[in-house]
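Shown below: data-v8.txt, with compact mmCIF, C-alpha atoms.
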```txt
# COMPACT_ATOMS: atom_id res chain seq x y z
CA MET E 98 -128.79 -36.81 -87.39
CA THR E 99 -125.71 -35.03 -86.13
CA ASN E 100 -126.15 -36.01 -82.49
CA ASN E 101 -126.65 -39.64 -81.51
CA GLN E 102 -127.33 -39.00 -77.85
CA GLU E 103 -131.01 -39.62 -77.17
CA ILE E 104 -132.80 -36.63 -75.68
CA ILE E 105 -134.53 -37.11 -72.32
CA LEU E 106 -137.43 -34.83 -71.39
CA GLY E 107 -140.31 -34.73 -68.93
CA SER E 108 -143.62 -35.95 -70.36
CA VAL E 109 -145.07 -32.46 -70.74
CA GLN E 110 -141.82 -31.04 -72.14
CA GLU E 111 -141.74 -33.88 -74.69
CA THR E 112 -144.87 -32.43 -76.30
CA MET E 113 -142.75 -29.48 -77.49
CA LEU E 114 -141.59 -31.74 -80.31
CA LEU E 115 -145.09 -32.08 -81.79
CA PRO E 116 -145.60 -28.56 -83.20
CA LEU E 117 -141.91 -28.30 -84.10
CA TRP E 118 -142.30 -31.36 -86.31
CA GLY E 119 -145.58 -29.96 -87.69
CA ARG E 120 -143.98 -26.68 -88.76
CA ALA E 121 -141.12 -28.54 -90.40
CA MET E 122 -143.57 -30.72 -92.35
CA GLU E 123 -145.54 -27.66 -93.47
CA THR E 124 -142.37 -25.95 -94.66
CA SER E 125 -141.56 -28.95 -96.86
CA LYS E 126 -144.83 -28.61 -98.80
CA LEU E 127 -144.86 -27.22 -102.34
CA LYS E 128 -147.06 -24.30 -101.25
CA PRO E 129 -146.63 -23.95 -97.48
CA LEU E 130 -148.83 -21.61 -95.45
CA LEU E 131 -145.92 -21.11 -93.07
CA VAL E 132 -142.19 -21.24 -93.78
CA ASP E 133 -140.06 -22.19 -90.78
CA ASN E 134 -136.59 -23.09 -91.94
CA LYS E 135 -135.25 -23.18 -88.39
CA ALA E 136 -137.78 -25.90 -87.50
CA VAL E 137 -136.58 -27.94 -90.49
CA GLU E 138 -132.98 -27.47 -89.39
CA ILE E 139 -133.72 -28.70 -85.86
CA ILE E 140 -135.83 -31.67 -86.98
CA ASN E 141 -133.01 -32.78 -89.27
CA SER E 142 -130.48 -32.77 -86.44
CA ILE E 143 -132.33 -33.68 -83.25
CA PRO E 144 -131.86 -37.26 -81.96
CA TYR E 145 -135.51 -38.25 -81.71
CA ASP E 146 -137.58 -40.86 -83.51
CA PHE E 147 -140.52 -39.01 -85.06
CA SER E 148 -142.02 -42.12 -86.66
CA THR E 149 -144.80 -42.49 -84.06
CA ILE E 150 -145.78 -38.85 -84.45
CA ALA E 151 -145.66 -39.07 -88.26
CA SER E 152 -147.80 -42.20 -88.32
CA ASN E 153 -150.46 -41.22 -85.82
CA ILE E 154 -151.00 -37.46 -85.69
CA ARG E 155 -154.04 -36.41 -87.70
CA LYS E 156 -153.73 -33.87 -90.49
CA LEU E 157 -156.32 -31.65 -88.78
CA THR E 158 -154.09 -31.50 -85.71
CA ARG E 159 -151.10 -30.55 -87.85
CA ALA E 160 -153.18 -27.82 -89.47
CA SER E 161 -154.06 -26.41 -86.04
CA TRP E 162 -150.38 -25.97 -85.21
CA ILE E 163 -149.89 -23.99 -88.40
CA SER E 164 -152.98 -21.84 -87.82
CA ARG E 165 -151.75 -21.06 -84.32
CA SER E 166 -148.29 -20.06 -85.52
CA ILE E 167 -149.71 -17.79 -88.22
CA PHE E 168 -152.04 -16.15 -85.69
CA PHE E 169 -149.21 -15.54 -83.22
CA ASP E 170 -146.86 -14.25 -85.91
CA LYS E 171 -149.44 -11.72 -87.07
CA LYS E 172 -150.32 -10.55 -83.56
CA ILE E 173 -146.67 -10.09 -82.60
CA LEU E 174 -145.81 -8.33 -85.86
CA ASP E 175 -148.74 -5.93 -85.35
CA PHE E 176 -147.58 -5.27 -81.78
CA ILE E 177 -143.94 -4.62 -82.65
CA ARG E 178 -144.91 -2.32 -85.52
CA MET E 179 -146.49 -0.09 -82.88
CA HIS E 180 -143.73 -0.76 -80.35
CA PRO E 181 -140.51 -1.62 -82.22
CA TYR E 182 -138.49 -1.89 -78.99
CA ALA E 183 -141.09 -4.01 -77.20
CA THR E 184 -140.40 -7.05 -75.07
CA VAL E 185 -141.99 -10.34 -76.14
CA VAL E 186 -142.04 -13.26 -73.72
CA ASN E 187 -142.43 -16.75 -75.17
CA ALA E 188 -143.63 -18.58 -72.05
CA GLY E 189 -143.33 -22.35 -72.19
CA CYS E 190 -141.24 -21.86 -75.32
CA GLY E 191 -140.02 -25.43 -75.77
CA LEU E 192 -138.40 -25.50 -79.20
CA ASP E 193 -140.58 -22.74 -80.61
CA THR E 194 -138.96 -20.70 -83.39
CA THR E 195 -141.26 -17.69 -83.64
CA PHE E 196 -138.42 -15.23 -83.03
CA ASP E 197 -136.58 -16.54 -86.09
CA ARG E 198 -139.61 -15.67 -88.23
CA ILE E 199 -140.60 -12.25 -86.90
CA ASP E 200 -137.52 -10.49 -85.49
CA ASN E 201 -137.46 -6.81 -86.51
CA GLY E 202 -133.89 -6.26 -85.34
CA THR E 203 -134.81 -4.19 -82.27
CA ILE E 204 -137.20 -6.14 -80.04
CA ASN E 205 -136.18 -7.82 -76.81
CA TRP E 206 -137.20 -11.46 -76.67
CA ILE E 207 -137.36 -13.82 -73.70
CA ASP E 208 -137.69 -17.59 -74.10
CA LEU E 209 -138.99 -18.95 -70.80
CA ASP E 210 -139.30 -22.63 -69.90
CA LEU E 211 -138.35 -25.31 -67.40
CA PRO E 212 -134.66 -26.17 -67.04
CA ASP E 213 -134.72 -29.41 -69.08
CA ALA E 214 -136.45 -27.66 -71.97
CA ILE E 215 -134.04 -24.72 -71.91
CA GLU E 216 -131.07 -27.10 -71.73
CA LEU E 217 -132.28 -28.78 -74.91
CA ARG E 218 -133.06 -25.42 -76.50
CA ARG E 219 -129.49 -24.24 -76.01
CA GLN E 220 -128.28 -27.10 -78.20
CA TYR E 221 -130.18 -25.83 -81.24
CA LEU E 222 -130.88 -22.13 -80.73
CA LYS E 223 -128.54 -19.32 -79.72
CA GLU E 224 -128.97 -16.58 -77.17
CA THR E 225 -128.04 -13.01 -78.04
CA ASP E 226 -128.23 -9.71 -76.19
CA ARG E 227 -131.80 -9.31 -77.46
CA ARG E 228 -132.84 -12.96 -77.23
CA ARG E 229 -132.41 -14.42 -73.77
CA PHE E 230 -133.29 -17.80 -72.28
CA ILE E 231 -134.67 -18.10 -68.73
CA ALA E 232 -134.81 -21.56 -67.16
CA LYS E 233 -137.75 -21.10 -64.81
CA SER E 234 -141.40 -21.96 -64.53
CA ALA E 235 -143.81 -19.24 -65.62
CA PHE E 236 -145.24 -19.52 -62.08
CA ASP E 237 -141.91 -18.58 -60.52
CA VAL E 238 -142.47 -14.85 -60.15
CA THR E 239 -138.75 -14.09 -59.92
CA TRP E 240 -138.43 -14.24 -63.71
CA TYR E 241 -140.35 -10.97 -64.03
CA ASP E 242 -137.36 -9.20 -62.48
CA GLU E 243 -135.28 -10.14 -65.52
CA ILE E 244 -137.40 -8.07 -67.93
CA ARG E 245 -135.38 -4.99 -68.87
CA ASN E 246 -138.20 -2.93 -70.41
CA LYS E 247 -141.67 -3.36 -68.94
CA ASP E 248 -143.34 -0.53 -70.85
CA ASN E 249 -144.61 -2.59 -73.80
CA VAL E 250 -144.77 -6.31 -73.16
CA MET E 251 -146.55 -9.08 -75.03
CA LEU E 252 -146.64 -12.63 -73.69
CA MET E 253 -147.35 -15.64 -75.84
CA PHE E 254 -148.48 -19.01 -74.51
CA ALA E 255 -148.43 -21.45 -77.41
CA GLY E 256 -149.94 -24.78 -76.41
CA VAL E 257 -149.21 -24.07 -72.75
CA LEU E 258 -152.24 -23.08 -70.69
CA TYR E 259 -154.04 -26.37 -71.36
CA TYR E 260 -151.65 -28.16 -69.02
CA PHE E 261 -152.81 -26.34 -65.90
CA ASP E 262 -155.95 -26.32 -63.80
CA GLU E 263 -158.17 -23.23 -63.92
CA PRO E 264 -156.98 -21.89 -60.52
CA GLU E 265 -153.40 -22.06 -61.79
CA VAL E 266 -154.29 -20.15 -64.97
CA ARG E 267 -156.09 -17.53 -62.89
CA LYS E 268 -153.03 -17.16 -60.65
CA LEU E 269 -150.81 -16.77 -63.69
CA PHE E 270 -152.97 -13.96 -65.10
CA ASN E 271 -153.02 -12.25 -61.70
CA ASP E 272 -149.23 -12.50 -61.45
CA ILE E 273 -148.92 -10.92 -64.88
CA HIS E 274 -151.22 -8.08 -63.80
CA HIS E 275 -149.16 -7.51 -60.67
CA HIS E 276 -145.79 -7.48 -62.43
CA LEU E 277 -146.66 -6.32 -65.96
CA GLU E 278 -149.57 -3.90 -65.99
CA LYS E 279 -150.87 -2.93 -69.43
CA SER E 280 -149.32 -5.98 -71.03
CA GLU E 281 -150.96 -8.15 -73.67
CA ILE E 282 -151.30 -11.93 -73.87
CA ILE E 283 -151.90 -14.19 -76.86
CA PHE E 284 -152.74 -17.84 -76.35
CA ASP E 285 -154.62 -20.81 -77.71
CA HIS E 286 -157.23 -22.67 -75.69
CA ALA E 287 -159.70 -25.49 -75.99
CA SER E 288 -163.29 -26.18 -75.06
CA ARG E 289 -163.95 -29.02 -72.65
CA LEU E 290 -164.64 -31.21 -75.67
CA GLY E 291 -161.39 -30.04 -77.20
CA ILE E 292 -159.45 -31.11 -74.11
CA LYS E 293 -160.96 -34.59 -74.32
CA LEU E 294 -160.27 -34.93 -78.04
CA SER E 295 -156.71 -33.63 -77.72
CA ASN E 296 -155.86 -36.11 -75.00
CA GLU E 297 -157.21 -38.96 -77.09
CA GLN E 298 -156.07 -37.92 -80.57
CA VAL E 299 -152.86 -35.97 -79.94
CA ILE E 300 -151.23 -37.02 -76.67
CA LYS E 301 -152.06 -40.73 -76.86
CA ARG E 302 -151.68 -41.02 -80.61
CA GLY E 303 -148.40 -39.10 -80.46
CA GLY E 304 -146.99 -41.73 -78.13
CA MET E 305 -147.01 -39.55 -74.97
CA ASP E 306 -148.18 -40.88 -71.60
CA GLU E 307 -151.09 -39.70 -69.47
CA THR E 308 -148.95 -37.39 -67.34
CA ALA E 309 -148.94 -35.08 -70.37
CA PHE E 310 -152.75 -34.87 -70.50
CA LEU E 311 -154.34 -31.46 -70.97
CA LYS E 312 -156.48 -30.01 -68.16
CA TRP E 313 -157.89 -26.50 -68.59
CA GLY E 314 -160.70 -25.99 -71.05
CA THR E 315 -163.49 -23.43 -71.31
CA ASP E 316 -166.58 -23.30 -73.48
CA ASP E 317 -166.73 -19.50 -73.23
CA ILE E 318 -163.41 -17.65 -73.10
CA TYR E 319 -165.17 -14.43 -72.08
CA GLU E 320 -165.74 -16.07 -68.69
CA ILE E 321 -162.13 -15.16 -67.85
CA GLU E 322 -163.19 -11.49 -67.74
CA LYS E 323 -165.17 -12.42 -64.63
CA TRP E 324 -162.04 -13.68 -62.88
CA GLU E 325 -160.70 -10.17 -62.39
CA SER E 326 -161.65 -6.71 -63.67
CA HIS E 327 -158.20 -6.21 -65.20
CA ILE E 328 -158.66 -8.98 -67.82
CA LYS E 329 -160.11 -7.85 -71.16
CA VAL E 330 -160.58 -10.14 -74.16
CA ILE E 331 -159.65 -8.15 -77.27
CA SER E 332 -160.32 -10.85 -79.84
CA ASN E 333 -161.17 -14.51 -80.06
CA ILE E 334 -161.48 -16.64 -83.20
CA PRO E 335 -161.99 -20.33 -83.93
CA MET E 336 -158.75 -22.11 -84.80
CA PHE E 337 -159.33 -22.57 -88.54
CA LYS E 338 -161.40 -19.49 -89.37
CA GLU E 339 -158.70 -17.64 -91.29
CA HIS E 340 -157.24 -20.55 -93.26
CA LYS E 341 -159.98 -23.02 -94.21
CA LYS E 342 -160.03 -21.71 -97.76
CA ASN E 343 -156.48 -22.98 -98.28
CA TYR E 344 -157.42 -26.64 -97.76
CA PRO E 345 -159.30 -29.24 -99.85
CA ILE E 346 -163.06 -29.49 -99.41
CA LEU E 347 -163.00 -32.68 -97.34
CA LYS E 348 -160.56 -31.21 -94.85
CA ARG E 349 -162.60 -28.00 -94.70
CA ILE E 350 -165.58 -30.06 -93.53
CA GLY E 351 -163.62 -31.23 -90.50
CA MET E 352 -162.40 -27.69 -89.87
CA ASN E 353 -165.93 -26.31 -90.06
CA ILE E 354 -167.16 -28.89 -87.54
CA SER E 355 -164.24 -28.14 -85.22
CA ASP E 356 -164.82 -24.38 -85.42
CA LYS E 357 -168.57 -24.69 -84.93
CA LEU E 358 -168.01 -26.76 -81.78
CA LYS E 359 -165.29 -24.30 -80.64
CA VAL E 360 -162.93 -27.22 -80.14
CA MET E 361 -159.85 -24.96 -80.40
CA SER E 362 -159.62 -21.17 -80.41
CA LEU E 363 -157.10 -18.33 -80.52
CA THR E 364 -157.35 -15.41 -78.12
CA HIS E 365 -155.79 -11.98 -77.53
CA VAL E 366 -156.14 -10.47 -74.05
CA ARG E 367 -155.12 -7.15 -72.57
CA ILE E 368 -154.16 -6.87 -68.91
CA THR E 369 -155.08 -3.39 -67.65
```

Serialized structure, structure tokens:
Amino acid sequence: MTNNQEIILGSVQETMLLPLWGRAMETSKLKPLLVDNKAVEIINSIPYDFSTIASNIRKLTRASWISRSIFFDKKILDFIRMHPYATVVNAGCGLDTTFDRIDNGTINWIDLDLPDAIELRRQYLKETDRRRFIAKSAFDVTWYDEIRNKDNVMLMFAGVLYYFDEPEVRKLFNDIHHHLEKSEIIFDHASRLGIKLSNEQVIKRGGMDETAFLKWGTDDIYEIEKWESHIKVISNIPMFKEHKKNYPILKRIGMNISDKLKVMSLTHVRIT
């Protein structure tokens, strides 16, 4: 490691290291489903002991991080093909490296997160005129004023919405409607069972404490359309639907069970 100073994060922010590590491990495989060289670069330099994560995180959990990244990459690439000068907001970005995989050379990108996460991010990722960091909560509505082009906006929430209660998620969607009409949102979510399993098998097993526990889960994502008339679910798929065929038969059994129970899902919403 190039930096011997131990990183200090809040309990929720610390969970940003989990998928980063997962993408780096996937990239190191002989036939990776996702190549994320920036994640490998960060993992090799960040002063953090990943031994607890490596020893305790289940392979199915690691696979879910990869499925999520592939889903988000595809959705964003489809969006920026139609709108090459679009704005993409990575809310709760942590140490996410999606921009490094999908940049078309013209999009405007905003990485939004709490100050401690952005401070860490600045040590490993660089801002440019098209890629800007904002050190604010997604619930602080003043960050919307920093969007230069509001005509075509996509927001991604990768592993974020779980950490809030349902009223908070509803407020967030309403804020987006108020400030960014006709925007689109991509996010992952869990069923109530998924929330319970994640807290037991990911947060605890990854060495995090209970203040990082997940909260919001829904057994029917289409229920969010009843929150407000401006929310429209465009698509929703079980976490492993697109990629089960790439795994050995025994792992596919676990993926099939997870998908059947709707433990984790991936969703695309339009705000009208």

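The closest residue to Thr184 in chain E, picked from E:Asp242, E:Glu265, E:Asp133, E:Asp248 and counting all atoms listed in the file, is E:Asp248.
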
Closest pair table for range 108-201 of chain E residues within 12 Å of range 351-359 of chain E, all atoms listed in the file, as a Markdown table:
```
| residue | atom | partner | partner_atom | distance |
| --- | --- | --- | --- | --- |
| E:Arg155 | CA | E:Gly351 | CA | 11.2 |
| E:Lys156 | CA | E:Gly351 | CA | 10.2 |
| E:Leu157 | CA | E:Met352 | CA | 7.3 |
| E:Thr158 | CA | E:Met352 | CA | 10.0 |
| E:Arg159 | CA | E:Met352 | CA | 11.8 |
| E:Ala160 | CA | E:Met352 | CA | 9.2 |
| E:Ser161 | CA | E:Met352 | CA | 9.3 |
| E:Ser164 | CA | E:Met352 | CA | 11.3 |
```

Would you save the residues from that selection as a PDB file, keeping the file's coordinate frame, using C-alpha atoms?
```
ATOM      1  CA  ARG E 155    -154.040 -36.410 -87.700  1.00  0.00           C
ATOM      2  CA  LYS E 156    -153.730 -33.870 -90.490  1.00  0.00           C
ATOM      3  CA  LEU E 157    -156.320 -31.650 -88.780  1.00  0.00           C
ATOM      4  CA  THR E 158    -154.090 -31.500 -85.710  1.00  0.00           C
ATOM      5  CA  ARG E 159    -151.100 -30.550 -87.850  1.00  0.00           C
ATOM      6  CA  ALA E 160    -153.180 -27.820 -89.470  1.00  0.00           C
ATOM      7  CA  SER E 161    -154.060 -26.410 -86.040  1.00  0.00           C
ATOM      8  CA  SER E 164    -152.980 -21.840 -87.820  1.00  0.00           C
TER       9      SER E 164
END
```

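The nearest approach to Arg178 in chain E among the residues E:Thr112, E:Thr203, E:Thr369, E:Asn153, with only C-alpha atoms taken into account, belongs to E:Thr203.
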
- [ ] Around the point (-152.5, -26.9, -70.8) in the file's coordinates, collect all residues with an atom within 12 Å, using all atoms listed in the file, and return them as number ranges by chain.
- [x] E: 109-110, 112, 189, 254-263, 265-266, 284-289, 291-293, 295-296, 300, 308-315

Closest of E:Val250, E:Ala121, E:Ile140, E:Leu294 to Val360 in chain E, counting only C-alpha atoms, is E:Leu294

Requested in this report: Select, counting all atoms listed in the file, all protein, DNA and RNA residues no farther than 9 Å from (-159.6, -20.7, -86.0) in file coordinates, and express the selection as a ChimeraX atom specification.
Outcome: /E:161,164-165,168,333-341,352,355-356,359,361-363

note - CA of Ile283 in chain E and CA of Val132 in chain E are separated by 20.7 Å

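Closest approach to Pro181 in chain E among E:Ile163, E:Leu114, E:Ala151, E:Met251 is made by E:Met251 (distances from all atoms listed in the file).
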
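Reported to one decimal place, the separation of CA of Leu290 in chain E from CA of Ile346 in chain E is 23.9 Å.
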
CA of Leu117 in chain E to CA of Leu192 in chain E measures 6.6 Å

### Message
I want to know what sits within 12 Å of Trp206 in chain E, based on only C-alpha atoms, with residues of the same chain fewer than 2 positions away left out; could you give that as an MDAnalysis selection string?
### Response
chainID E and resid 173 177 181:188 190 194:197 199:204 208:209 224:231 243:246 249:253
